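Below you'll find the structure, written out as structure tokens, and then a few comments.
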Amino acid sequence: MDDRLIVALDVPNALAGLDLAEKIGDAASFYKIGLGMLTGGGLALANELKQEHGKRIFLDMKFFDIGATVEAAVKGIAQYDLDFLTVHGDPHVVRAAKQGAAGSNLKILAVTILTSLDRADLDAGLIQQGDLAELVQLRAARAFEAGADGVIASPREAALIRALPESAGRLIVTPGVRPAGSDAGDQKRIETPATAIANGADHIVVGRPIWKAVDPRAAAQAIIAELP
């Protein structure tokens with residue numbers, strides 16, 4: 001199985017997530033469980049897929065708080081023996097998360113700028129002026145300096161991040177990936193699976209094009225077949 005593909009289980013609850021994982025079967029080995037499923041048994045599903053089905057798990061919580069709270073939250077997550085966890089890319093958050101993950105194999109991934117945002121959204125949020133891609137690169141560099149094991153960014157910025165000296169040995173994980181002809185949905189900075197990998201991504205995250213497909217297993221296989 002090619003674990004460069006991470007399937008986003010963006011479904012309402014753990015039962016639906018387990019059903020989807022069973023439909024996909026051995027076509028995927030890595031799954032993302034996000035905040036939307038937190039109250040629907042997301043942690044239980046993460047543990048079941050990891051411990052009973054041998055899958056890798058990306059817990060997409062995007063923690064953001066004062067350092068002590070982030071550290072405590074990550075320490076709690078680390079006991080589940082999962083693979084990736086997201087936090088916002090502010091250096092104090094990354095440092096706290098790394099402290100919370102100490103002694104575990106949990107990789108801390110720092111969110112740069114969400115793939116559903118564009119420059120107009122940043123302006124509305126009072127984020128500093130400048131080219132969006134350059135801001136992503138700068139946030140990635142600062143996250144790496146703070147100890148992040150990797151970053152989350154759109155595939156359009158992956159090459160800029162990979163060009164950073166600090167990116168050596170670090171992960172780049174890209175949501176905002178859509179097979180050619182797919183609906184962009186709420187994503188604004190998208191590329192195809194092959195382009196994302198060619199731009200330097202280690203993993204691509206794909207949700208709706210798989211879980212909305214008539215045959216999710218075939219959809220996952222088709223995406224993997226595109227990868228260089």
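Letters for chains follow the order of the structure tokens (A, B, ...), residue numbers begin at 1 for each chain, and ligand numbers begin at 1 in the order shown.
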### Task
Can you pull out every residue within 12 Å of segment 35-43 of chain A, counting only C-alpha atoms, but drop anything in the same chain fewer than 3 positions away, and send it as a ChimeraX atom specification?
/A:8-18,31-32,46-50,57-63,76-82,85-87
### Message
Residues within 9 Å of Val111 of chain A, please, as a list in words. Count only C-alpha atoms; anything in the same chain fewer than 2 positions from it doesn't count.
### Response
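Residues meeting the cut-off are Lys62, Thr86, Val87, His88, Gly89, Asp90, Leu109, Ile113, Leu114, Arg139, Ala140, Ala143, Gly150, Val151, Ile152 and Ala153 of chain A.
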### Query
Can you tell me how far atom CA of Asn105 of chain A sits from atom CA of Pro165 of chain A, in Å to one decimal?
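According to the coordinates, atom CA of Asn105 of chain A and atom CA of Pro165 of chain A are separated by 23.8 Å.
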### Task
Among the residues of segment 142-222 of chain A, find those DSSP assigns to alpha helix (DSSP H) from the backbone and print them as a VMD selection string.
chain A and resid 142 to 145 158 to 162 193 to 198 208 to 211 216 to 222
## Note on the structure
The residue from A:Ala213, A:Leu138, A:Leu126, A:Ala222 with the smallest atom-to-atom distance to Ile161 of chain A, counting only C-alpha atoms, is A:Leu138
#### Entry: DSSP-assigned strand (DSSP E or B) members of segment 178-222 of chain A, reported as a PyMOL selection string
chain A and resi 191+203-206
### Point-to-point distance in Å for atom CA of Gly176 of chain A and atom CA of Ile190 of chain A
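Answer for the atom CA of Ile190 of chain A to atom CA of Gly176 of chain A separation: 4.6 Å.
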